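data-v8.csv follows (CSV, C-alpha atoms and all ligand atoms):
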```
chain,number,residue,atom,x,y,z
S,13,MET,CA,72.4,126.2,128.0
S,14,LYS,CA,70.5,123.1,126.7
S,15,LYS,CA,69.0,125.2,123.9
S,16,LEU,CA,72.4,126.5,123.0
S,17,PHE,CA,73.8,123.0,122.9
S,18,VAL,CA,71.0,121.8,120.6
S,19,PHE,CA,71.5,124.9,118.4
S,20,LEU,CA,75.2,124.2,118.1
S,21,LEU,CA,74.5,120.5,117.4
S,22,ILE,CA,72.2,121.4,114.6
S,23,CYS,CA,74.7,123.9,113.1
S,24,PHE,CA,77.5,121.3,113.3
S,25,THR,CA,75.4,118.6,111.7
S,26,VAL,CA,74.3,120.9,108.8
S,27,ILE,CA,77.8,122.2,108.0
S,28,GLN,CA,79.4,118.7,108.1
S,29,PRO,CA,80.1,117.6,104.5
S,30,THR,CA,78.5,114.2,103.9
S,31,HIS,CA,81.1,112.8,101.6
S,32,GLN,CA,84.2,113.7,103.5
S,33,TYR,CA,85.4,113.7,107.1
S,34,VAL,CA,88.5,115.5,108.0
S,35,LYS,CA,90.0,116.0,111.5
S,36,ALA,CA,93.4,117.3,112.2
S,37,GLU,CA,95.6,115.4,114.6
S,38,ASN,CA,99.2,116.6,115.0
S,39,ASP,CA,100.8,115.9,111.6
S,40,PHE,CA,98.1,113.7,110.4
S,41,TYR,CA,94.4,114.0,109.3
S,42,TYR,CA,91.6,111.6,108.7
S,43,THR,CA,89.9,111.5,105.3
S,44,LYS,CA,87.4,109.5,103.3
S,45,ASP,CA,88.4,111.2,100.1
S,46,ILE,CA,90.3,108.5,98.3
S,47,GLU,CA,91.3,108.3,94.6
S,48,HIS,CA,91.4,104.9,93.0
S,49,LEU,CA,93.4,104.6,89.7
S,50,PHE,CA,93.8,101.5,87.6
S,51,THR,CA,95.5,100.3,84.5
S,52,HIS,CA,96.3,97.0,82.8
S,53,CYS,CA,99.6,95.1,82.5
S,54,LEU,CA,102.2,97.6,81.0
S,55,LEU,CA,103.5,97.6,77.5
S,56,ALA,CA,107.0,96.4,78.5
S,57,TYR,CA,108.2,96.4,75.0
S,58,PRO,CA,106.5,99.4,73.2
S,59,GLU,CA,108.6,99.0,70.1
S,60,ILE,CA,107.0,95.5,69.7
S,61,ALA,CA,103.5,96.5,70.9
S,62,PHE,CA,103.2,99.4,68.4
S,63,SER,CA,105.1,97.8,65.5
S,64,LYS,CA,103.2,97.8,62.2
S,65,ASN,CA,102.8,94.0,62.0
S,66,ASN,CA,101.4,93.7,65.5
S,67,GLU,CA,97.7,92.7,65.3
S,68,MET,CA,97.2,94.0,68.9
S,69,ARG,CA,98.6,97.5,68.4
S,70,GLU,CA,95.3,99.4,68.0
S,71,HIS,CA,94.0,97.7,71.1
S,72,TYR,CA,97.2,98.4,73.1
S,73,ASN,CA,97.1,102.0,72.0
S,74,THR,CA,93.6,102.4,73.4
S,75,ASP,CA,93.7,100.1,76.5
S,76,CYS,CA,97.3,100.2,77.8
S,77,ILE,CA,100.1,102.4,78.9
S,78,THR,CA,103.8,101.9,78.4
S,79,HIS,CA,106.3,101.3,81.2
S,80,ASN,CA,107.7,104.8,80.6
S,81,GLU,CA,104.3,106.3,81.0
S,82,PHE,CA,103.8,104.5,84.2
S,83,LYS,CA,107.1,105.8,85.5
S,84,PHE,CA,106.2,109.3,84.6
S,85,ILE,CA,102.8,108.9,86.3
S,86,LEU,CA,104.5,107.8,89.6
S,87,GLU,CA,106.9,110.8,89.4
S,88,GLU,CA,103.9,113.2,88.9
S,89,LEU,CA,101.8,111.7,91.6
S,90,TYR,CA,104.7,111.9,94.1
S,91,LYS,CA,105.4,115.5,93.1
S,92,ASN,CA,101.7,116.3,93.6
S,93,ASN,CA,101.8,114.9,97.1
S,94,TYR,CA,99.8,111.7,96.6
S,95,VAL,CA,100.5,108.7,98.8
S,96,LEU,CA,99.7,105.1,98.2
S,97,VAL,CA,97.3,103.5,100.7
S,98,ASP,CA,96.1,99.9,101.1
S,99,ILE,CA,92.5,99.4,99.9
S,100,ASN,CA,91.9,97.2,102.9
S,101,ASP,CA,92.6,100.1,105.2
S,102,CYS,CA,89.8,102.2,103.6
S,103,TYR,CA,86.9,100.2,105.1
S,104,SER,CA,86.0,98.1,108.1
S,105,VAL,CA,83.6,95.2,108.3
S,106,GLU,CA,80.8,95.4,110.9
S,107,ASN,CA,78.4,92.4,111.2
S,108,GLY,CA,79.6,91.1,107.9
S,109,VAL,CA,79.0,94.5,106.1
S,110,ALA,CA,81.7,96.8,104.8
S,111,LYS,CA,81.6,100.4,106.0
S,112,ILE,CA,83.8,103.3,104.8
S,113,SER,CA,86.7,104.0,107.2
S,114,ALA,CA,88.4,107.4,107.4
S,115,ILE,CA,92.1,106.8,106.7
S,116,LYS,CA,94.9,108.5,108.6
S,117,VAL,CA,97.3,110.2,106.3
S,118,PRO,CA,100.2,112.7,106.7
S,119,LYS,CA,98.9,116.3,106.6
S,120,ASN,CA,100.5,117.3,103.3
S,121,LYS,CA,99.5,114.1,101.5
S,122,LYS,CA,96.4,112.9,99.5
S,123,PRO,CA,95.6,109.1,99.6
S,124,ILE,CA,95.5,107.1,96.4
S,125,ILE,CA,94.9,103.4,95.6
S,126,PHE,CA,96.4,101.9,92.5
S,127,SER,CA,95.1,98.6,91.0
S,128,PHE,CA,96.0,96.5,88.0
S,129,ASP,CA,93.6,94.5,86.0
S,130,ASP,CA,93.9,91.2,84.0
S,131,VAL,CA,97.3,90.2,85.2
S,132,ASN,CA,97.4,86.8,83.6
S,133,TYR,CA,99.7,87.4,80.6
S,134,ASP,CA,97.1,85.6,78.4
S,135,HIS,CA,98.9,83.1,76.2
S,136,LYS,CA,97.1,84.5,73.1
S,137,LYS,CA,99.0,87.8,73.6
S,138,LEU,CA,102.4,86.4,74.4
S,139,HIS,CA,105.3,88.1,72.6
S,140,LEU,CA,103.2,91.0,71.4
S,141,GLY,CA,104.6,93.6,73.8
S,142,MET,CA,104.0,92.5,77.4
S,143,ILE,CA,106.2,90.4,79.6
S,144,ASP,CA,105.5,86.6,79.8
S,145,LYS,CA,105.4,86.3,83.5
S,146,LEU,CA,106.5,87.6,86.9
S,147,ILE,CA,109.2,85.3,88.5
S,148,LEU,CA,110.8,85.1,91.9
S,149,SER,CA,114.6,85.2,91.7
S,150,ASP,CA,117.2,86.2,94.3
S,151,ASN,CA,114.3,86.7,96.7
S,152,LYS,CA,112.8,89.5,94.5
S,153,ILE,CA,110.3,89.8,91.8
S,154,LYS,CA,111.7,90.0,88.2
S,155,GLU,CA,110.2,89.9,84.8
S,156,TYR,CA,110.6,87.0,82.4
S,157,THR,CA,110.1,87.4,78.6
S,158,LEU,CA,111.2,85.2,75.7
S,159,ILE,CA,112.2,87.3,72.8
S,160,ASN,CA,113.2,85.5,69.6
S,161,GLY,CA,113.7,82.4,71.6
S,162,LYS,CA,116.1,84.2,74.0
S,163,GLU,CA,115.3,84.5,77.7
S,164,ASN,CA,115.2,88.2,78.8
S,165,ILE,CA,115.1,88.9,82.6
S,166,THR,CA,114.3,92.5,83.5
S,167,GLU,CA,113.5,94.5,86.6
S,168,ASP,CA,112.0,97.8,85.3
S,169,ARG,CA,109.3,97.1,82.8
S,170,GLU,CA,106.2,95.9,84.7
S,171,PHE,CA,104.3,97.7,87.4
S,172,VAL,CA,105.4,95.4,90.3
S,173,CYS,CA,109.1,96.1,89.8
S,174,ILE,CA,108.6,99.7,88.8
S,175,LEU,CA,106.5,100.5,91.9
S,176,GLU,CA,108.9,98.5,94.2
S,177,ASN,CA,111.9,100.4,92.8
S,178,PHE,CA,110.1,103.8,93.1
S,179,ILE,CA,109.2,103.2,96.7
S,180,LYS,CA,112.7,102.2,97.5
S,181,LYS,CA,113.8,105.6,96.2
S,182,HIS,CA,110.8,107.4,97.8
S,183,PRO,CA,109.7,105.5,100.9
S,184,ASP,CA,107.2,108.2,101.8
S,185,PHE,CA,105.2,107.5,98.6
S,186,SER,CA,103.8,104.4,100.4
S,187,LEU,CA,101.8,104.7,103.6
S,188,ASN,CA,102.5,101.8,106.0
S,189,GLY,CA,104.2,99.8,103.2
S,190,ALA,CA,101.1,99.9,100.9
S,191,LYS,CA,101.7,98.9,97.2
S,192,GLY,CA,98.8,98.0,94.9
S,193,THR,CA,95.9,95.7,94.3
S,194,ILE,CA,96.2,93.0,91.6
S,195,ASN,CA,92.9,92.1,90.1
S,196,LEU,CA,92.9,88.5,88.8
S,197,THR,CA,90.8,86.4,86.5
S,198,GLY,CA,91.5,82.6,86.3
S,199,TYR,CA,90.5,81.3,82.9
S,200,ASP,CA,94.2,81.4,81.7
S,201,GLY,CA,95.9,81.2,85.0
S,202,ILE,CA,97.5,84.1,87.0
S,203,LEU,CA,100.7,86.2,86.8
S,204,GLY,CA,101.8,84.2,83.7
S,205,TYR,CA,101.4,80.7,85.2
S,206,ARG,CA,98.8,78.3,83.7
S,207,THR,CA,97.2,77.4,87.0
S,208,GLN,CA,93.7,76.8,85.5
S,209,LYS,CA,92.1,73.4,85.8
S,210,ASP,CA,92.0,72.7,82.1
S,211,ASN,CA,95.8,72.8,81.8
S,212,ASN,CA,97.0,69.2,82.2
S,213,ILE,CA,100.6,70.0,81.4
S,214,ASN,CA,102.8,70.8,84.4
S,215,ARG,CA,99.8,72.3,86.3
S,216,THR,CA,101.2,71.3,89.8
S,217,GLU,CA,104.5,73.0,89.0
S,218,GLU,CA,102.8,76.1,87.6
S,219,ILE,CA,100.7,76.4,90.8
S,220,LYS,CA,103.8,76.0,93.0
S,221,LYS,CA,105.7,78.8,91.1
S,222,ALA,CA,102.6,81.1,91.1
S,223,GLN,CA,102.3,80.5,94.9
S,224,GLU,CA,105.9,81.6,95.5
S,225,VAL,CA,105.3,84.8,93.6
S,226,VAL,CA,102.0,85.4,95.4
S,227,ASN,CA,103.5,84.8,98.8
S,228,TYR,CA,106.3,87.3,98.1
S,229,LEU,CA,103.8,89.9,96.9
S,230,LYS,CA,101.5,89.5,99.9
S,231,ASN,CA,104.5,89.8,102.3
S,232,ASN,CA,105.5,93.0,100.5
S,233,GLY,CA,102.4,95.1,100.7
S,234,TRP,CA,100.5,93.8,97.6
S,235,ASN,CA,97.0,92.4,97.8
S,236,PHE,CA,94.5,90.7,95.4
S,237,ALA,CA,91.0,91.1,94.2
S,238,SER,CA,88.7,89.0,92.1
S,239,HIS,CA,88.1,90.2,88.6
S,240,SER,CA,85.7,87.2,87.9
S,241,TYR,CA,87.0,84.0,86.4
S,242,GLY,CA,86.2,84.2,82.7
S,243,HIS,CA,86.0,88.0,82.2
S,244,TYR,CA,82.4,87.9,81.0
S,245,HIS,CA,79.8,90.6,80.7
S,246,MET,CA,77.9,90.3,84.0
S,247,LYS,CA,74.6,91.2,82.5
S,248,LYS,CA,74.9,88.9,79.6
S,249,ILE,CA,75.5,85.5,81.3
S,250,SER,CA,73.0,83.3,83.0
S,251,ILE,CA,72.7,83.0,86.8
S,252,GLU,CA,73.9,79.3,86.4
S,253,LYS,CA,77.0,80.3,84.5
S,254,PHE,CA,77.6,83.2,86.9
S,255,LYS,CA,77.6,80.7,89.8
S,256,LYS,CA,80.0,78.4,88.0
S,257,GLU,CA,82.4,81.2,87.3
S,258,LEU,CA,82.4,82.1,91.0
S,259,ASP,CA,83.0,78.5,91.9
S,260,ASN,CA,85.9,78.3,89.4
S,261,TRP,CA,87.5,81.5,90.9
S,262,LYS,CA,87.2,80.1,94.4
S,263,ASN,CA,88.6,76.7,93.5
S,264,GLU,CA,91.4,77.8,91.2
S,265,VAL,CA,92.5,81.3,92.2
S,266,GLU,CA,91.4,81.8,95.8
S,267,THR,CA,93.2,78.6,96.7
S,268,ILE,CA,96.4,80.4,95.7
S,269,VAL,CA,95.9,84.1,96.7
S,270,GLY,CA,93.6,83.5,99.7
S,271,HIS,CA,90.3,85.1,100.5
S,272,THR,CA,89.6,88.6,99.2
S,273,ASN,CA,86.7,91.0,100.1
S,274,ILE,CA,87.1,92.9,96.9
S,275,TYR,CA,85.3,92.2,93.6
S,276,VAL,CA,86.3,94.2,90.5
S,277,TYR,CA,83.6,94.0,87.8
S,278,PRO,CA,84.9,93.0,84.3
S,279,TYR,CA,84.4,95.9,81.9
S,280,GLY,CA,83.2,97.9,84.9
S,281,GLU,CA,79.8,96.4,84.1
S,282,TRP,CA,77.9,96.0,87.4
S,283,GLU,CA,74.5,94.9,88.5
S,284,ILE,CA,73.1,95.3,92.0
S,285,THR,CA,69.4,95.5,91.5
S,286,ASP,CA,67.1,93.5,89.1
S,287,ASP,CA,64.5,94.9,86.7
S,288,PHE,CA,62.1,95.2,89.7
S,289,GLY,CA,64.5,97.3,91.8
S,290,ASN,CA,65.3,94.4,94.2
S,291,ILE,CA,68.8,93.2,95.0
S,292,SER,CA,69.6,90.9,92.0
S,293,GLN,CA,70.3,87.2,92.3
S,294,LYS,CA,73.8,87.7,90.9
S,295,HIS,CA,74.6,90.4,93.5
S,296,LYS,CA,73.3,88.1,96.3
S,297,LEU,CA,75.6,85.4,95.0
S,298,LEU,CA,78.6,87.7,95.1
S,299,LYS,CA,77.8,88.6,98.7
S,300,ASP,CA,77.3,84.9,99.6
S,301,TYR,CA,80.8,84.3,98.3
S,302,GLY,CA,82.1,86.8,100.8
S,303,PHE,CA,82.7,89.9,98.6
S,304,LYS,CA,82.1,93.1,100.5
S,305,LEU,CA,83.6,95.9,98.5
S,306,PHE,CA,82.6,96.3,94.8
S,307,CYS,CA,84.7,98.2,92.3
S,308,GLY,CA,83.5,99.7,89.1
S,309,VAL,CA,84.9,102.1,86.5
S,310,GLY,CA,84.2,105.8,86.4
S,311,MET,CA,86.2,109.0,85.8
S,312,LYS,CA,84.5,110.8,88.7
S,313,GLN,CA,85.6,109.8,92.2
S,314,PHE,CA,82.8,107.7,93.8
S,315,TYR,CA,83.0,105.8,97.1
S,316,SER,CA,79.6,105.2,98.7
S,317,TYR,CA,76.7,102.8,99.2
S,318,LEU,CA,74.4,101.3,96.6
S,319,PRO,CA,71.6,101.1,95.7
S,320,PHE,CA,70.5,104.7,96.3
S,321,ASP,CA,66.9,103.6,96.7
S,322,LYS,CA,66.0,104.5,100.4
S,323,ASN,CA,63.4,101.6,100.5
S,324,ILE,CA,66.2,99.0,100.1
S,325,LYS,CA,67.9,98.7,103.5
S,326,GLU,CA,70.6,96.3,102.3
S,327,LYS,CA,73.4,98.4,101.0
S,328,SER,CA,76.7,97.5,99.4
S,329,LEU,CA,79.9,99.5,99.5
S,330,PHE,CA,80.9,100.6,96.0
S,331,MET,CA,84.1,102.3,94.8
S,332,ASP,CA,84.7,103.6,91.3
S,333,ARG,CA,88.2,103.6,89.7
S,334,LYS,CA,89.6,106.0,87.2
S,335,VAL,CA,91.1,104.2,84.2
S,336,ILE,CA,94.5,105.2,83.0
S,337,ASP,CA,95.1,104.0,79.4
S,338,GLY,CA,96.0,105.4,76.0
S,339,PHE,CA,92.5,106.7,75.4
S,340,THR,CA,92.0,108.5,78.7
S,341,LEU,CA,95.6,110.0,78.6
S,342,LYS,CA,94.6,111.6,75.4
S,343,ASN,CA,90.9,112.3,75.8
S,344,ARG,CA,90.1,112.6,79.5
S,345,THR,CA,92.8,115.1,80.5
S,346,ASN,CA,90.2,117.1,82.5
S,347,PHE,CA,89.8,114.2,84.9
S,348,LEU,CA,93.4,113.1,85.0
S,349,ASN,CA,95.2,116.5,85.1
S,350,PRO,CA,94.4,117.2,88.8
S,351,LEU,CA,96.4,114.0,89.5
S,352,PHE,CA,99.2,114.4,86.9
S,353,ASP,CA,99.9,116.2,83.7
S,354,SER,CA,98.7,113.7,81.1
S,355,ASN,CA,100.3,115.5,78.2
S,356,LEU,CA,103.7,115.2,79.9
S,357,VAL,CA,103.0,111.5,80.5
S,358,TYR,CA,101.8,110.6,77.0
S,359,ASP,CA,104.4,108.6,75.1
S,360,TYR,CA,104.2,110.4,71.7
S,361,ASN,CA,107.4,108.7,70.4
S,362,TYR,CA,105.8,105.2,70.3
S,363,ARG,CA,102.1,106.1,70.0
S,364,ASN,CA,102.7,108.2,66.9
S,365,LEU,CA,103.9,105.0,65.2
S,366,ILE,CA,100.2,104.0,65.0
G,401,ZN,ZN,89.5,93.3,82.9
```

As a first step, turn the structure in this file into C-alpha cells.
Amino acid sequence: MKKLFVFLLICFTVIQPTHQYVKAENDFYYTKDIEHLFTHCLLAYPEIAFSKNNEMREHYNTDCITHNEFKFILEELYKNNYVLVDINDCYSVENGVAKISAIKVPKNKKPIIFSFDDVNYDHKKLHLGMIDKLILSDNKIKEYTLINGKENITEDREFVCILENFIKKHPDFSLNGAKGTINLTGYDGILGYRTQKDNNINRTEEIKKAQEVVNYLKNNGWNFASHSYGHYHMKKISIEKFKKELDNWKNEVETIVGHTNIYVYPYGEWEITDDFGNISQKHKLLKDYGFKLFCGVGMKQFYSYLPFDKNIKEKSLFMDRKVIDGFTLKNRTNFLNPLFDSNLVYDYNYRNLI
C-alpha cells in the first residue's frame, strides 16, 4: 500500500505542469496562467494625432493606439472570454517576498491584466492628439482637453472612461470589480496635473485635484504602479542618480497614490544581476524601497522568478507584459491574434494618413 502511494505520488508530481495549476471547483477554477497587456495613453483625437503637420505623428503611429482601437480590443477580448483581474490578486507576500498565487476565475473565462504606461499627459505633447487631463466631475471621471482655446469635456476617449463604460455594459468582463493598473512617472506630474516639486505655480492646487482623481480611481477598482520618476534607461544611469529617482518617486508620487508593490521598468529595460552574476545594487535598492513584483515587456507570456541561476537563492517575482501599439498591431499579429483579431482592430482610416 505504501509502495503504491509513493508510486502514485511520483506519477502525480511528474505529470503536474510546472507553469500552471488548474483545479476545478464548481463553476470556478484556479490558474496561474495570466496574460498582461499594456498600452500608453490613447490617441483621443486621431485626426489631430495623425495630421500632416503633427511632429509626433510617426511616434504615435508606432507607440500608441486610438480610442477606437482600444474599444475594438475590449469587444474582442470579451467575445473571446477574457476577464479582467486585479494584478494584486495574482501574488501573495510571504515574509516580505512575493509568491505567485493561483487566481480563482469562472470556468469559461481566461484572466487578463491591463495596464497603462506614462499617464502624465506630458506638457510637451499637449494638444497633439491626447487629452490634457483626467478630471473628477459629477462624481465620475471625465476627460478635459483644450482645443483651439475651447474647453472640451468628453467621456469616451481615454482608457479610464472607455473601460468604465464597457464594464457598466458588461459587468462580467471584470472579476470582483477589477479595472486596470496605471503606471506613473513623476517628472512632469501625474494624470495631467503638474504635481512635481519643480513646479512652483499652483502646485498645492494641482496636488489636491490629482488626489481627488486618484481617490476616485482607487475606490473604483484601479491601482497604481511605479514606472520610475524620470523614465530613464535603468542600465545607463549611475547608482546615485537611480537612488535619487526612487526618492523623488516616493516623495512626489507615492505621497498621492499610496504605496505600491509593483515596479514597471521604463522601456522594459531591467537589471537584476550585475556583471558578476550577483544581485545588482540597483535591484537591491528597488527591493529596499518595497517593490515586490517587477514588470518587463515581452510578447511571450512570462510570470516567474528571476534570476534563473540556481546558486542565487534570493529570487524576485517577474511578469512580462505584451505591448499593444501601432507597431505590434501590424507586425506582431501571431502574438496578439490568440487574444484578438488585430487586423480587425487596426485603424486603417487614420493610420493610412501617415
Ligand atoms: Zn514608459

Seminar exercise, completed: A straight line from atom CA of Lys191 of chain S to atom CA of Ser127 of chain S spans 9.1 Å

Given a cut-off of 8 Å, what residues near ligand ZN 401 (chain G) show up using only C-alpha atoms and all ligand atoms, put as a short mmCIF file (atom, residue, chain, number, x, y, z; two decimals) with C-alpha atoms, in the frame of the given file?
```cif
data_model
loop_
_atom_site.label_atom_id
_atom_site.label_comp_id
_atom_site.auth_asym_id
_atom_site.auth_seq_id
_atom_site.Cartn_x
_atom_site.Cartn_y
_atom_site.Cartn_z
CA HIS S 52 96.30 97.00 82.80
CA ASP S 129 93.60 94.50 86.00
CA ASP S 130 93.90 91.20 84.00
CA THR S 197 90.80 86.40 86.50
CA HIS S 239 88.10 90.20 88.60
CA HIS S 243 86.00 88.00 82.20
CA TYR S 277 83.60 94.00 87.80
CA PRO S 278 84.90 93.00 84.30
CA TYR S 279 84.40 95.90 81.90
#
```

For this session: Would you work out the distance separating atom CA of Asn290 of chain S from atom CA of Lys247 of chain S, expressed in Å to one decimal?
Result: 15.3 Å

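Proximity to Leu138 of chain S was assessed for S:Asn66, S:Asn92, S:Ala110, S:Lys299 counting all atoms listed in the file; the smallest distance is recorded for S:Asn66.
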
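Note that atom CA of Val97 of chain S and atom CA of Ile165 of chain S are 29.3 Å apart.
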
Exercise. So which residues touch Phe330 of chain S within 12 Å, counting only C-alpha atoms, skipping near sequence neighbours fewer than 6 positions away, as a PyMOL selection string?
Worked result: chain S and resi 48+102-103+109-112+273-277+280+282-284+303-310+313-320

Exercise. Segment 353-359 of chain S: which residues within 8 Å, counting all atoms listed in the file, same-chain residues fewer than 5 positions away excluded, as JSON, numbers by chain?
Worked result: {"S": [78, 80, 81, 82, 84, 85, 88, 338, 341, 342, 345, 348]}

Exercise. Residues around (100.2, 119.0, 106.9), cut-off 12 Å, counting all atoms listed in the file - what are they as a PyMOL selection string?
Worked result: chain S and resi 35-42+93+116-122

Which neighbours of segment 67-72 of chain S fall inside 10 Å, counting all atoms listed in the file, when residues of the same chain fewer than 4 positions from it are skipped, and could you give them as a PDB file with C-alpha atoms, in the frame of the given file?
```pdb
ATOM      1  CA  HIS S  52      96.300  97.000  82.800  1.00  0.00           C
ATOM      2  CA  LEU S  54     102.200  97.600  81.000  1.00  0.00           C
ATOM      3  CA  LEU S  55     103.500  97.600  77.500  1.00  0.00           C
ATOM      4  CA  PRO S  58     106.500  99.400  73.200  1.00  0.00           C
ATOM      5  CA  ILE S  60     107.000  95.500  69.700  1.00  0.00           C
ATOM      6  CA  ALA S  61     103.500  96.500  70.900  1.00  0.00           C
ATOM      7  CA  PHE S  62     103.200  99.400  68.400  1.00  0.00           C
ATOM      8  CA  SER S  63     105.100  97.800  65.500  1.00  0.00           C
ATOM      9  CA  CYS S  76      97.300 100.200  77.800  1.00  0.00           C
ATOM     10  CA  ILE S  77     100.100 102.400  78.900  1.00  0.00           C
ATOM     11  CA  THR S  78     103.800 101.900  78.400  1.00  0.00           C
ATOM     12  CA  LYS S 137      99.000  87.800  73.600  1.00  0.00           C
ATOM     13  CA  LEU S 140     103.200  91.000  71.400  1.00  0.00           C
ATOM     14  CA  GLY S 141     104.600  93.600  73.800  1.00  0.00           C
ATOM     15  CA  MET S 142     104.000  92.500  77.400  1.00  0.00           C
ATOM     16  CA  ASP S 337      95.100 104.000  79.400  1.00  0.00           C
ATOM     17  CA  GLY S 338      96.000 105.400  76.000  1.00  0.00           C
ATOM     18  CA  PHE S 339      92.500 106.700  75.400  1.00  0.00           C
ATOM     19  CA  ARG S 363     102.100 106.100  70.000  1.00  0.00           C
ATOM     20  CA  LEU S 365     103.900 105.000  65.200  1.00  0.00           C
ATOM     21  CA  ILE S 366     100.200 104.000  65.000  1.00  0.00           C
TER      22      ILE S 366
END
```

For this session: Using only C-alpha atoms, pick whichever of S:Thr157, S:Asn188, S:Thr51, S:Asn132 has the shortest atom-to-atom distance to Asn100 of chain S.
Result: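 Among the listed residues, S:Asn188 lies closest to Asn100 of chain S.
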